[in-house]
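K.L.:
This is the content of structure_27.cif (mmCIF, C-alpha atoms and all ligand atoms):
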```
data_entry
loop_
_atom_site.label_atom_id
_atom_site.label_comp_id
_atom_site.auth_asym_id
_atom_site.auth_seq_id
_atom_site.Cartn_x
_atom_site.Cartn_y
_atom_site.Cartn_z
CA MET C 1 0.00 0.00 0.00
CA LYS C 2 1.16 3.49 -0.77
CA ILE C 3 0.04 6.93 0.26
CA TYR C 4 -0.80 9.35 -2.52
CA THR C 5 -1.25 12.94 -1.48
CA TYR C 6 -2.88 15.90 -3.18
CA HIS C 7 -3.95 19.33 -2.16
CA ALA C 8 -6.34 21.72 -3.78
CA LYS C 9 -7.07 25.38 -3.51
CA VAL C 10 -10.77 25.87 -2.86
CA LYS C 11 -13.08 28.88 -2.91
CA LYS C 12 -14.05 30.60 0.32
CA ASP C 13 -17.58 29.24 0.37
CA PHE C 14 -16.44 25.69 -0.39
CA ASP C 15 -18.72 23.07 1.12
CA VAL C 16 -16.74 20.01 2.20
CA THR C 17 -19.83 18.12 3.45
CA ASN C 18 -21.35 18.43 0.02
CA LEU C 19 -18.22 17.00 -1.57
CA ILE C 20 -18.30 14.07 0.85
CA SER C 21 -21.95 13.39 -0.06
CA GLN C 22 -21.11 13.41 -3.73
CA LEU C 23 -18.14 11.09 -3.26
CA THR C 24 -20.16 8.59 -1.25
CA SER C 25 -23.10 8.63 -3.66
CA GLN C 26 -21.17 7.70 -6.80
CA GLU C 27 -21.61 4.08 -7.83
CA GLU C 28 -18.25 2.97 -9.26
CA ILE C 29 -16.22 2.91 -6.06
CA LYS C 30 -18.43 2.35 -3.08
CA LEU C 31 -17.21 4.65 -0.35
CA VAL C 32 -18.33 4.82 3.24
CA ALA C 33 -17.87 8.06 5.18
CA ILE C 34 -16.57 6.58 8.40
CA LYS C 35 -16.71 9.67 10.51
CA ARG C 36 -20.13 10.82 9.32
CA ASN C 37 -21.60 7.34 9.78
CA TYR C 38 -20.03 6.99 13.17
CA GLU C 39 -21.28 10.35 14.27
CA GLU C 40 -24.81 9.59 13.04
CA ASP C 41 -24.74 6.24 14.78
CA LEU C 42 -23.54 7.79 17.99
CA LYS C 43 -26.19 10.47 17.88
CA LYS C 44 -28.82 7.76 17.33
CA ARG C 45 -27.59 5.83 20.36
CA LEU C 46 -27.57 8.99 22.41
CA SER C 47 -31.05 9.86 21.27
CA ASN C 48 -32.15 6.37 22.43
CA LEU C 49 -30.85 7.49 25.81
CA LYS C 50 -32.91 10.63 25.27
CA ILE C 51 -29.79 12.73 24.90
CA LYS C 52 -30.06 15.22 22.10
CA VAL C 53 -26.74 16.40 20.67
CA ASP C 54 -26.87 19.22 18.16
CA PHE C 55 -23.15 19.94 17.87
CA PRO C 56 -20.45 17.99 16.02
CA ILE C 57 -19.16 15.33 18.40
CA PHE C 58 -15.80 15.03 16.67
CA SER C 59 -13.54 17.88 17.58
CA ASP C 60 -12.37 18.48 14.02
CA PRO C 61 -15.37 19.15 11.80
CA PHE C 62 -13.31 19.34 8.64
CA LEU C 63 -11.91 15.85 8.59
CA GLU C 64 -13.55 12.93 6.90
CA ILE C 65 -12.26 9.45 6.27
CA LEU C 66 -13.71 7.50 3.37
CA LEU C 67 -13.30 3.78 3.01
CA SER C 68 -13.89 1.46 0.08
CA GLU C 69 -13.64 -2.12 1.26
CA SER C 70 -13.99 -3.63 -2.19
CA GLU C 71 -11.23 -1.48 -3.72
CA LYS C 72 -9.12 -1.31 -0.55
CA ILE C 73 -8.91 2.45 -0.60
CA LEU C 74 -8.77 4.72 2.42
CA ILE C 75 -9.09 8.46 1.83
CA SER C 76 -8.62 11.24 4.31
CA ILE C 77 -10.09 14.60 3.40
CA HIS C 78 -9.05 17.53 5.45
CA VAL C 79 -9.34 21.29 5.20
CA SER C 80 -5.96 22.46 6.44
CA ALA C 81 -4.66 25.92 5.66
CA PRO C 82 -7.29 28.51 4.72
CA GLU C 83 -9.04 27.45 1.57
CA THR C 84 -6.86 24.40 1.17
CA LEU C 85 -8.20 20.91 0.85
CA GLU C 86 -5.84 18.05 1.69
CA ILE C 87 -6.52 14.66 0.14
CA LYS C 88 -4.52 11.65 1.28
CA VAL C 89 -5.17 8.28 -0.27
CA LEU C 90 -3.96 4.93 0.96
CA SER C 91 -4.19 2.54 -1.96
CA GLU C 92 -2.34 -0.17 -3.82
CA SER C 93 -2.30 1.78 -7.05
CA LYS C 94 -2.95 5.25 -8.29
CA ASP C 95 -5.30 4.00 -11.03
CA LYS C 96 -7.91 2.85 -8.57
CA PHE C 97 -8.78 6.33 -7.38
CA THR C 98 -8.17 8.26 -10.61
CA LEU C 99 -11.93 8.37 -11.05
CA LEU C 100 -12.42 9.86 -7.59
CA LEU C 101 -9.70 12.37 -8.25
CA GLU C 102 -11.46 13.46 -11.44
CA LEU C 103 -14.68 13.86 -9.46
CA ILE C 104 -12.94 16.03 -6.87
CA LYS C 105 -11.29 18.11 -9.61
CA SER C 106 -14.63 18.84 -11.25
CA PHE C 107 -16.39 19.64 -7.99
CA ASN C 108 -17.78 23.12 -7.62
CA GLY C 109 -15.38 25.37 -5.69
CA VAL C 110 -12.27 23.25 -6.27
CA GLU C 111 -9.77 25.33 -8.18
CA LYS C 112 -6.65 23.32 -8.92
CA VAL C 113 -5.61 19.93 -7.62
CA ASN C 114 -1.86 19.61 -7.06
CA TYR C 115 0.22 16.57 -6.38
CA GLY C 116 1.62 16.43 -2.83
CA THR C 117 0.43 18.03 0.37
CA PHE C 118 0.18 21.77 1.02
CA SER C 119 3.20 21.78 3.35
CA GLU C 120 5.18 19.78 0.77
CA SER C 121 4.37 22.32 -1.89
CA LYS C 122 5.92 25.02 0.33
CA GLU C 123 9.08 22.92 0.73
CA ILE C 124 9.18 22.21 -2.99
CA GLU C 125 9.01 25.92 -3.80
CA LYS C 126 11.90 26.57 -1.40
CA LEU C 127 14.04 23.79 -2.88
CA LYS C 128 13.33 24.75 -6.47
CA LYS C 129 14.73 28.21 -5.73
CA VAL C 130 18.09 26.93 -4.46
CA LEU C 131 18.76 23.70 -6.36
CA LYS C 132 20.57 23.87 -9.68
CA LEU C 133 21.21 21.03 -12.12
CA SER C 134 24.85 19.92 -11.96
CA PRO C 135 26.94 18.49 -14.82
CA HIS C 136 26.23 15.10 -13.23
CA GLY C 137 22.52 15.83 -13.32
CA LYS C 138 22.70 16.64 -17.00
CA LYS C 139 24.29 13.26 -17.66
CA LEU C 140 21.50 11.56 -15.69
CA ILE C 141 18.91 12.86 -18.14
CA ASN C 142 21.07 12.36 -21.24
CA LYS C 143 19.41 9.87 -23.61
CA LYS C 144 22.67 8.17 -24.50
CA TYR C 145 23.43 7.41 -20.85
CA LYS C 146 19.84 6.58 -19.95
CA LYS C 147 19.95 3.53 -22.23
CA VAL C 148 23.05 2.24 -20.49
CA PHE C 149 21.96 2.64 -16.84
CA PRO C 150 19.50 -0.27 -16.48
CA LYS C 151 21.91 -2.58 -18.33
CA ILE C 152 24.56 -2.24 -15.66
CA TYR C 153 22.38 -2.59 -12.54
CA ASP C 154 23.62 -6.20 -12.39
CA HIS C 155 26.79 -6.25 -10.28
CA LYS C 156 28.32 -9.11 -12.27
CA ILE C 157 27.99 -7.10 -15.46
CA ARG C 158 29.62 -4.12 -13.75
CA GLU C 159 32.44 -6.27 -12.44
CA ILE C 160 33.26 -7.69 -15.88
CA LEU C 161 33.01 -4.32 -17.62
CA SER C 162 35.16 -2.66 -14.96
CA GLU C 163 37.91 -5.20 -15.39
CA ILE C 164 37.85 -4.88 -19.19
CA ILE C 165 37.98 -1.09 -18.88
CA GLU C 166 40.83 -1.23 -16.35
CA THR C 167 42.83 -3.42 -18.71
CA PHE C 168 41.99 -2.12 -22.17
CA SER C 169 40.03 1.08 -21.65
CA GLY C 170 37.90 1.41 -24.81
CA ILE C 171 40.35 -0.21 -27.20
CA PRO C 172 39.04 -2.91 -29.60
CA VAL C 173 40.33 -6.31 -28.50
CA PRO C 174 39.83 -9.78 -30.10
CA ILE C 175 37.39 -11.97 -28.21
CA GLU C 176 40.13 -14.57 -27.44
CA VAL C 177 42.11 -11.94 -25.58
CA LEU C 178 39.04 -10.81 -23.62
CA LYS C 179 38.32 -14.40 -22.65
CA ASP C 180 41.63 -14.44 -20.77
CA ILE C 181 40.34 -11.84 -18.32
CA GLU C 182 39.67 -13.36 -14.89
CA THR C 183 36.02 -12.31 -14.49
CA VAL C 184 35.20 -13.15 -18.11
CA LYS C 185 36.50 -16.68 -17.49
CA ARG C 186 34.52 -17.01 -14.28
CA GLU C 187 31.26 -15.45 -15.47
CA GLY C 188 31.19 -16.78 -19.03
CA LYS C 189 27.44 -16.54 -19.55
CA THR C 190 27.20 -12.99 -18.29
CA ALA C 191 30.24 -12.04 -20.38
CA ASP C 192 28.56 -13.46 -23.50
CA ARG C 193 25.53 -11.30 -22.76
CA ILE C 194 27.80 -8.25 -22.59
CA PHE C 195 29.47 -9.01 -25.93
CA LYS C 196 26.08 -9.51 -27.59
CA ASP C 197 24.61 -6.32 -26.18
CA ASN C 198 25.28 -3.42 -28.51
CA THR C 199 24.33 -0.88 -25.84
CA LEU C 200 27.38 -1.98 -23.86
CA THR C 201 29.92 -3.14 -26.40
CA SER C 202 30.54 -2.71 -30.10
CA LYS C 203 32.11 -4.99 -32.59
CA SER C 204 34.75 -3.87 -35.00
CA TYR C 205 36.89 -5.72 -37.51
CA MET C 206 40.60 -5.49 -37.48
CA ILE C 207 43.01 -6.46 -40.21
CA THR C 208 45.91 -8.28 -38.71
CA CYS C 209 48.71 -10.61 -39.78
CA SER C 210 47.84 -14.31 -39.63
CA LYS C 211 51.50 -15.22 -39.30
CA CYS C 212 52.61 -13.12 -36.34
CA TYR C 213 49.43 -11.38 -35.12
CA GLY C 214 51.34 -8.13 -35.28
CA PRO C 215 49.70 -4.92 -34.18
CA SER C 216 46.97 -3.42 -36.27
CA PHE C 217 45.81 0.14 -36.19
CA VAL C 218 43.04 -0.11 -38.74
CA THR C 219 39.58 -1.16 -37.63
CA PHE C 220 36.31 -1.36 -39.54
CA ASN C 221 32.72 -1.35 -38.43
CA THR C 222 31.79 -4.24 -40.73
CA THR C 223 33.55 -7.29 -42.23
CA ALA C 224 32.50 -6.01 -45.63
CA GLY C 225 34.37 -2.79 -44.96
CA ALA C 226 37.51 -4.69 -43.95
CA ASN C 227 37.27 -6.97 -47.02
CA LYS C 228 36.86 -4.05 -49.34
CA ALA C 229 39.93 -2.36 -47.86
CA LEU C 230 41.95 -5.54 -48.34
CA LYS C 231 40.90 -5.83 -51.97
CA ASN C 232 41.87 -2.27 -52.71
CA ALA C 233 45.26 -2.29 -51.06
CA GLN C 234 47.94 -4.82 -50.47
CA TYR C 235 48.53 -5.64 -46.84
CA ILE C 236 52.07 -6.09 -45.73
CA CYS C 237 52.67 -6.86 -42.07
CA PRO C 238 54.75 -4.11 -40.43
CA ARG C 239 56.40 -6.68 -38.18
CA CYS C 240 57.21 -9.77 -40.27
CA LYS C 241 56.77 -8.09 -43.66
CA LYS C 242 54.63 -11.00 -44.94
CA SER C 243 51.41 -10.50 -46.81
CA SER C 244 48.98 -12.84 -45.11
CA PRO C 245 46.20 -10.69 -43.75
CA GLU C 246 43.36 -11.93 -41.61
CA ILE C 247 40.18 -10.20 -40.48
CA VAL C 248 39.67 -10.54 -36.74
CA GLU C 249 36.46 -9.71 -34.88
CA THR C 250 37.12 -7.40 -31.94
CA PHE C 251 35.04 -5.94 -29.14
CA TYR C 252 35.31 -2.67 -27.30
CA VAL C 253 33.41 -1.14 -24.40
CA LYS C 254 31.39 1.85 -25.51
CA GLU C 255 32.50 5.26 -24.37
CA GLU C 256 29.20 6.06 -22.64
CA VAL C 257 29.51 2.84 -20.60
CA ILE C 258 32.94 3.91 -19.39
CA HIS C 259 31.53 7.31 -18.37
CA VAL C 260 28.57 5.80 -16.55
CA LEU C 261 30.69 3.30 -14.63
CA ARG C 262 33.40 5.72 -13.63
CA GLY C 263 32.24 8.14 -10.98
CA GLY C 264 29.32 5.93 -9.96
CA LEU C 265 26.78 7.66 -12.17
CA TRP C 266 24.90 4.36 -12.49
CA LEU C 267 24.31 4.29 -8.71
CA GLU C 268 22.92 7.82 -8.68
CA ASN C 269 20.62 6.86 -11.53
CA PHE C 270 19.50 3.72 -9.69
CA ILE C 271 18.62 5.60 -6.50
CA ASP C 272 16.89 8.29 -8.55
CA GLN C 273 14.71 5.64 -10.21
CA VAL C 274 13.78 3.96 -6.93
CA MET C 275 12.75 7.29 -5.43
CA ARG C 276 10.73 8.15 -8.52
CA GLU C 277 8.63 5.05 -7.94
CA GLU C 278 7.55 6.75 -4.71
CA THR C 279 7.14 10.40 -5.58
CA GLU C 280 7.33 12.92 -8.40
CA ASN C 281 9.32 15.23 -6.14
CA VAL C 282 12.82 13.99 -6.80
CA TRP C 283 15.87 16.03 -7.77
CA SER C 284 19.04 14.19 -8.69
CA GLY C 285 22.43 15.54 -9.67
CA VAL C 286 21.88 19.02 -8.28
CA THR C 287 23.95 21.62 -6.51
CA ILE C 288 23.23 23.96 -3.64
CA ASP C 289 25.79 26.76 -3.54
CA THR C 290 28.89 24.81 -4.55
CA ASN C 291 27.85 21.50 -3.00
CA GLU C 292 26.86 18.50 -5.11
CA LEU C 293 23.76 16.68 -3.94
CA ASP C 294 23.06 13.23 -5.35
CA THR C 295 19.35 12.90 -4.65
CA VAL C 296 16.90 15.10 -2.79
CA ALA C 297 13.31 13.94 -2.49
CA ILE C 298 10.19 15.05 -0.71
CA LEU C 299 8.04 12.20 0.46
CA ASN C 300 5.47 11.89 3.23
CA GLU C 301 6.10 15.53 4.20
CA ARG C 302 9.76 14.80 4.82
CA THR C 303 12.88 15.84 2.99
CA PHE C 304 15.23 12.98 2.07
CA LEU C 305 18.87 13.48 1.18
CA ILE C 306 20.59 10.49 -0.37
CA GLU C 307 24.31 10.30 -0.93
CA CYS C 308 25.65 7.70 -3.38
CA LYS C 309 29.22 6.48 -3.25
CA ASP C 310 30.71 3.96 -5.62
CA THR C 311 34.09 4.70 -4.02
CA SER C 312 34.91 4.65 -0.32
CA PHE C 313 32.96 6.90 2.03
CA GLY C 314 35.20 8.61 4.57
CA GLN C 315 34.96 10.79 7.66
CA ASN C 316 35.27 13.97 5.65
CA ASP C 317 32.51 12.86 3.27
CA LEU C 318 30.29 12.39 6.30
CA TYR C 319 30.92 15.89 7.66
CA ILE C 320 30.27 17.43 4.27
CA LEU C 321 27.12 15.36 3.90
CA MET C 322 25.77 16.53 7.25
CA GLU C 323 26.44 20.11 6.22
CA LYS C 324 24.50 19.53 2.99
CA ALA C 325 21.70 17.96 5.04
CA ARG C 326 21.56 21.14 7.09
CA MET C 327 21.38 23.27 3.94
CA VAL C 328 18.32 21.47 2.57
CA ASP C 329 16.95 20.86 6.06
CA ALA C 330 16.74 17.12 5.46
CA ASN C 331 14.77 14.99 7.90
CA ILE C 332 16.24 11.75 6.64
CA VAL C 333 19.77 11.19 5.37
CA ILE C 334 20.65 7.97 3.58
CA ILE C 335 24.18 6.94 2.63
CA VAL C 336 24.39 4.33 -0.10
CA THR C 337 27.87 2.96 -0.60
CA THR C 338 29.18 0.01 -2.59
CA LYS C 339 32.47 -0.18 -0.70
CA GLU C 340 33.44 -1.03 2.86
CA ILE C 341 33.19 1.74 5.43
CA HIS C 342 35.90 2.41 7.99
CA GLU C 343 34.95 1.55 11.58
CA ASN C 344 35.64 5.13 12.71
CA VAL C 345 33.18 6.48 10.19
CA LYS C 346 30.60 3.93 11.31
CA LEU C 347 31.08 5.13 14.89
CA VAL C 348 30.41 8.73 13.92
CA ILE C 349 27.31 7.64 11.99
CA THR C 350 26.05 5.80 15.07
CA LYS C 351 26.66 8.93 17.10
CA TYR C 352 24.58 10.96 14.65
CA GLN C 353 21.90 8.27 14.77
CA GLU C 354 21.69 8.52 18.52
CA GLU C 355 22.05 12.25 19.03
CA GLY C 356 21.40 14.03 15.77
CA GLU C 357 18.19 15.78 14.84
CA ARG C 358 18.03 13.93 11.53
CA LYS C 359 17.47 10.26 10.97
CA ILE C 360 20.48 8.74 9.28
CA TYR C 361 20.69 5.39 7.54
CA LEU C 362 23.53 3.48 5.96
CA ILE C 363 23.12 1.06 3.07
CA LYS C 364 26.27 -0.82 2.19
CA SER C 365 26.05 -3.16 -0.76
CA ASN C 366 27.29 -3.65 -4.28
CA ASN C 367 24.11 -5.46 -5.25
CA THR C 368 21.29 -3.29 -6.58
CA GLU C 369 18.65 -5.81 -5.51
CA LYS C 370 19.89 -5.57 -1.93
CA ILE C 371 20.12 -1.79 -2.12
CA TYR C 372 16.56 -1.71 -3.46
CA LEU C 373 15.24 -3.86 -0.60
CA GLU C 374 17.03 -1.88 2.09
CA LEU C 375 15.91 1.44 0.68
CA GLN C 376 12.34 0.16 0.36
CA ASN C 377 12.54 -0.95 3.97
CA ILE C 378 13.52 2.54 5.12
CA LEU C 379 10.75 4.07 3.00
CA ARG C 380 8.20 1.56 4.27
CA LYS C 381 8.99 2.41 7.89
CA ASP C 382 8.58 6.09 7.16
CA ARG C 383 5.34 5.45 5.28
CA GLU C 384 3.95 3.53 8.26
CA ARG C 385 4.77 6.43 10.53
CA TYR C 386 3.06 8.80 8.12
CA THR C 387 -0.01 6.60 7.58
CA GLU C 388 -0.49 6.48 11.29
CA ALA C 389 -0.17 10.23 11.61
CA VAL C 390 -2.66 10.83 8.78
CA PHE C 391 -5.37 8.42 9.81
CA LYS C 392 -4.89 8.56 13.54
CA PRO C 393 -7.08 11.58 14.45
CA GLU C 394 -10.10 9.27 14.42
CA ARG C 395 -8.63 7.05 17.06
CA GLU C 396 -7.47 9.98 19.11
CA SER C 397 -10.89 11.50 19.18
CA LEU C 398 -12.45 8.36 20.67
CA PRO C 399 -11.51 9.18 24.27
CA GLU C 400 -12.73 12.71 23.56
CA ILE C 401 -16.13 11.36 22.50
CA LEU C 402 -16.38 9.22 25.59
CA ARG C 403 -15.55 12.18 27.78
CA GLN C 404 -18.26 14.21 26.13
CA VAL C 405 -20.82 11.44 26.45
CA ARG C 406 -19.94 10.94 30.11
CA GLY C 407 -20.19 14.68 30.60
CA LEU C 408 -23.63 14.67 29.04
CA ARG C 409 -24.78 11.82 31.24
CA SER C 410 -23.91 13.75 34.32
CA VAL C 411 -26.08 16.59 33.08
CA ARG C 412 -29.60 16.47 34.42
CA TRP C 413 -32.29 16.26 31.77
ZN ZN E 1 53.20 -10.54 -39.37
#
```
Would you mind giving the structure from this file in structure tokens?
Ligand SMILES: [Zn+2]

P.N.:
Amino acid sequence: MKIYTYHAKVKKDFDVTNLISQLTSQEEIKLVAIKRNYEEDLKKRLSNLKIKVDFPIFSDPFLEILLSESEKILISIHVSAPETLEIKVLSESKDKFTLLLELIKSFNGVEKVNYGTFSESKEIEKLKKVLKLSPHGKKLINKKYKKVFPKIYDHKIREILSEIIETFSGIPVPIEVLKDIETVKREGKTADRIFKDNTLTSKSYMITCSKCYGPSFVTFNTTAGANKALKNAQYICPRCKKSSPEIVETFYVKEEVIHVLRGGLWLENFIDQVMREETENVWSGVTIDTNELDTVAILNERTFLIECKDTSFGQNDLYILMEKARMVDANIVIIVTTKEIHENVKLVITKYQEEGERKIYLIKSNNTEKIYLELQNILRKDRERYTEAVFKPERESLPEILRQVRGLRSVRW
């Protein structure tokens, strides 16, 4: 279950009770107004006791909670700031309440429905003023890189590519030579996938000497191209001076793959994508003043700051990160690192966890599936906290109701 939040500006004379009636009377998604029903039921019981109540029993007259048991949707409707309607929906998918959202949008007095809560929209405005897209951020939205990112989420693929890049950079190398690389030997199947994937690697054809395999500096994109060149010119080996050319198929790692792997851009992209599953309010690869921020997100009325490190994360990185967290006023700071973390740094993190005003989490893994699960776990915990805060007023007002009823009983009638 996820929480989807919206807020809408409404006109001064907006009638929330009327909206509730309209929402509960539509046929497609059967909704029950829990608070209204409860209040009516309570008043009926009281009237059986000959107690007449002509004031709203619930302390907050502007809150309603609607429930659809068949669709498993829980909606809280709340008038918060002046002329602002807050709509919070607990549902498995957004599609299920699209219809209701359309109904709310078209309701008389509703001006514009925005994604997110009213307080979030204030935070978003503040952030938008100070955050600037960094060179990193530009790469994250670059089409050429975007195609590469999902292909290298697999850590085995990254390991193989990294080793090839370390050894040969982007130079075309015959497949036999590549097969001598340790990880290629060990992860043969994955390596084959890499060589077949033209997003990651490219083939080229090299003319070389079949006698001595001397160096060749001429490569062609196709065998046809290489053949044509051979026909047109006589090949004489620069090393053994023989004329016995051979066309060899070679592979090289594409330039954009090298860029995306170096500097951990892939990790930033991965975290960005996971956060985008949760909210539209995500900014990745941005700067504030001169500081680089990997991902900032607003979710459940909280500001998240996520730092991604594909290299080691040290003490100094931590101090800088906490300073950045202060600048964006983050409630939750998450460090995602693929490398081991020094014990001293862990100690400082624990200290922040115990004493700091922000929640701080550490995810240490090279495996995107694990990173995904751990991040989801953090988000789930925060969502639970938020769900409780959003739908709790009902439960809180129960003792209040009882107090009022008891008070009424003690009144003589
Ligand atoms: Zn030769």

K.L.:
Could you give me the residues within 10 Å of ligand ZN 1 (chain E), counting all atoms listed in the file, as a ChimeraX atom specification?

P.N.:
/C:208-216,236-245

K.L.:
Counting all atoms listed in the file, write as number ranges by chain all protein and nucleic acid residues lying at most 12 Å from (27.0, 23.2, -2.3) in the file's frame.

P.N.:
C: 130-134, 285-294, 320-328

K.L.:
May I have the residues within 7 Å of range 277-284 of chain C as a PDB file with C-alpha atoms, in the coordinates of the input, using only C-alpha atoms and disregarding those fewer than 6 positions away in the same chain?

P.N.:
```pdb
ATOM      1  CA  GLY C 137      22.520  15.830 -13.320  1.00  0.00           C
ATOM      2  CA  ASP C 294      23.060  13.230  -5.350  1.00  0.00           C
ATOM      3  CA  THR C 295      19.350  12.900  -4.650  1.00  0.00           C
ATOM      4  CA  VAL C 296      16.900  15.100  -2.790  1.00  0.00           C
ATOM      5  CA  ALA C 297      13.310  13.940  -2.490  1.00  0.00           C
ATOM      6  CA  ILE C 298      10.190  15.050  -0.710  1.00  0.00           C
ATOM      7  CA  LEU C 299       8.040  12.200   0.460  1.00  0.00           C
TER       8      LEU C 299
END
```

K.L.:
Compile the contact shell of Ile175 in chain C as a short mmCIF file (atom, residue, chain, number, x, y, z; two decimals) with C-alpha atoms, in the coordinates of the input: residues with an atom at most 10 Å away, counting all atoms listed in the file, same-chain residues fewer than 2 positions apart removed.

P.N.:
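See around-v4.cif below for the written result:
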```cif
data_model
loop_
_atom_site.label_atom_id
_atom_site.label_comp_id
_atom_site.auth_asym_id
_atom_site.auth_seq_id
_atom_site.Cartn_x
_atom_site.Cartn_y
_atom_site.Cartn_z
CA PRO C 172 39.04 -2.91 -29.60
CA VAL C 173 40.33 -6.31 -28.50
CA VAL C 177 42.11 -11.94 -25.58
CA LEU C 178 39.04 -10.81 -23.62
CA LYS C 179 38.32 -14.40 -22.65
CA ASP C 180 41.63 -14.44 -20.77
CA PHE C 195 29.47 -9.01 -25.93
CA LYS C 203 32.11 -4.99 -32.59
CA VAL C 248 39.67 -10.54 -36.74
CA GLU C 249 36.46 -9.71 -34.88
CA THR C 250 37.12 -7.40 -31.94
CA PHE C 251 35.04 -5.94 -29.14
CA TYR C 252 35.31 -2.67 -27.30
#
```

K.L.:
Nearest to Lys139 in chain C among C:His259, C:Lys156, C:Lys196, C:Lys126, with distances taken over only C-alpha atoms: which residue is it?

P.N.:
C:His259

K.L.:
Taking all atoms listed in the file into account, which of C:Val253, C:Lys231, C:Phe391, C:Val348 comes nearest Phe168 in chain C?

P.N.:
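Nearest candidate to Phe168 in chain C out of C:Val253, C:Lys231, C:Phe391, C:Val348: C:Val253.
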
K.L.:
Skipping near chain neighbours, those fewer than 6 positions away, what residues fall within 10 Å of Lys144 in chain C using only C-alpha atoms, listed as a ChimeraX atom specification?

P.N.:
/C:199,256-257
